[in-house]
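As structure tokens, the structure follows; a few thoughts come after it.
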Amino acid sequence: MKWHELHDRYARLLWALHSAWALVSGIAVLVLAHNRYGFLRWVVLFIALTWGSTLFFSRFAIGGGSRFARIAQSVVSYLTRVMYQETLFFLIPFYFYSATFRSWNFLYVLMLAGFAVLSCFDMLFDKLLREHRWFAIGFFAFVSFSALQFFLPLLLRTRIDNSVYVAGVVSFVAALALAQRWEELRDRRHLALVALALVGVLVGVRVFRPLLPPVPLRMTRLRFSGVLDPRTLSAPVDFEKEIPAAALRRGRIYAVATVFSPERIPARLQMRFLQHRKVLRASRTLDLTARPGGYRIWDSVRVQPTPSPDTYRVEVWTGGQLLGKRDVRVVR
């Protein structure tokens, strides 16, 4: 039996087995990436290689009629898919811990997971990259933006609300190199459209910033008390979900949030107290430098206990992005 006959008969089975292996290896990367920030440099390398291979794939490999061009096209396409898989699965745990469950920014984690799983279906994903140019460019821009949003605060030591704009611009410029040729950019009309698109990207980042998890920061704990020492942030008794009205010595609920940071990153933080989605109090915005391992912020609000249990929500924000939230009930 000839080689091409074997290929035609077992190609789907082999690709299905490879897709299963890609999913298993991706899950292994997800597990190994847990809290391992030292692997971040490899993500940056993967993004650079993915950009280079995608550029080669879109400019040189496509359209080549020779046997060598077809082989190069297949090899580059395969390596691009592998790098997408590993990068996405690496990012998922960091975004998962920074996102807040049952909030809008958790949708971003689901998008990462969905695209990671999609990249494991080799035949479908390869077809989308080959036949749909704008899908390939958009997919690259999304993965690049996700990686840069995580990487730039650690590299540049800037606030994440500033780094998100830099990530948007860099991802846009990198995707532009894949979508446009230098000759096309010389035309004033194309250049004006590019400038308009860049403005749209910046506006989109500003508008949809609340949907982005604040990587690499994350809230690890939020505790409540009726009395608090502002110097040591210690309390006689800490409460997690319910606090007796009798414990509110001055009729106030004190909240202390612990925020984790892997490096010394400038942060702008605010704590808000809400009831029935109405803001009762918003603390002043604190500009501080996050310490590795974690740091704490606190605030309080005066409440009026009623015979029935009252539920209050405390949210911690950084630069327009939700770090975490928790509900507490005041009970008799």
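The way I read the labels, and the way they are meant: chains A, B, ... in the order of the structure tokens, residue 1 as the first residue of every chain, and ligand 1 as the first ligand shown, with later ones counted on from there.
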Where does region 195-290 of chain A meet region 137-160 of chain A within 8 Å, residue by residue, with the nearest atom pair and distance in Å to one decimal for each, counting only C-alpha atoms, listed by chain and rising number, as a Markdown table?
```
| residue | atom | partner | partner_atom | distance |
| --- | --- | --- | --- | --- |
| A:Pro214 | CA | A:Ile160 | CA | 6.9 |
| A:Val215 | CA | A:Phe150 | CA | 5.4 |
| A:Pro216 | CA | A:Phe150 | CA | 5.8 |
| A:Glu263 | CA | A:Leu154 | CA | 6.6 |
| A:Arg264 | CA | A:Arg157 | CA | 7.0 |
| A:Ile265 | CA | A:Arg157 | CA | 5.2 |
| A:Pro266 | CA | A:Arg159 | CA | 5.0 |
| A:Ala267 | CA | A:Arg159 | CA | 5.3 |
| A:Arg268 | CA | A:Arg159 | CA | 7.5 |
```
*Counting only C-alpha atoms, what is within 9 Å of region 107-119 of chain A, bar same-chain residues fewer than 3 positions away, as a ChimeraX atom specification?*
/A:19,22-23,26,81-82,84-89,91-93,95-96,99,102-104,122,124-126,139,143,146,211-213
*Selection near Pro230 (chain A), 12 Å with only C-alpha atoms, sequence-local residues under 6 positions removed, as a list in words*: Tyr254, Ala255, Val256, Arg296, Ile297, Trp298, Asp299 and Ser300 of chain A
_To one decimal place in Å, what is the distance between CA of Arg133 (chain A) and CA of Val207 (chain A)?_
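The value is 26.7 Å.
Residue nearest Met271 (chain A), chosen from A:Arg326, A:Arg249, A:Arg209, A:Lys127 and counting only C-alpha atoms: A:Arg326.
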_Just the number, please: distance in Å from CA of His190 (chain A) to CA of Leu128 (chain A), one decimal._
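Separation of CA of His190 (chain A) and CA of Leu128 (chain A): 26.1 Å.
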*From a DSSP calculation on the backbone, collect every residue of region 59-148 of chain A in helix (DSSP H, G or I) and output the set as an NGL selection string.*
:A and (59-61 or 67-98 or 106-118 or 122-131 or 133-148)
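CA of Leu79 (chain A) is found 29.4 Å from CA of Phe106 (chain A).
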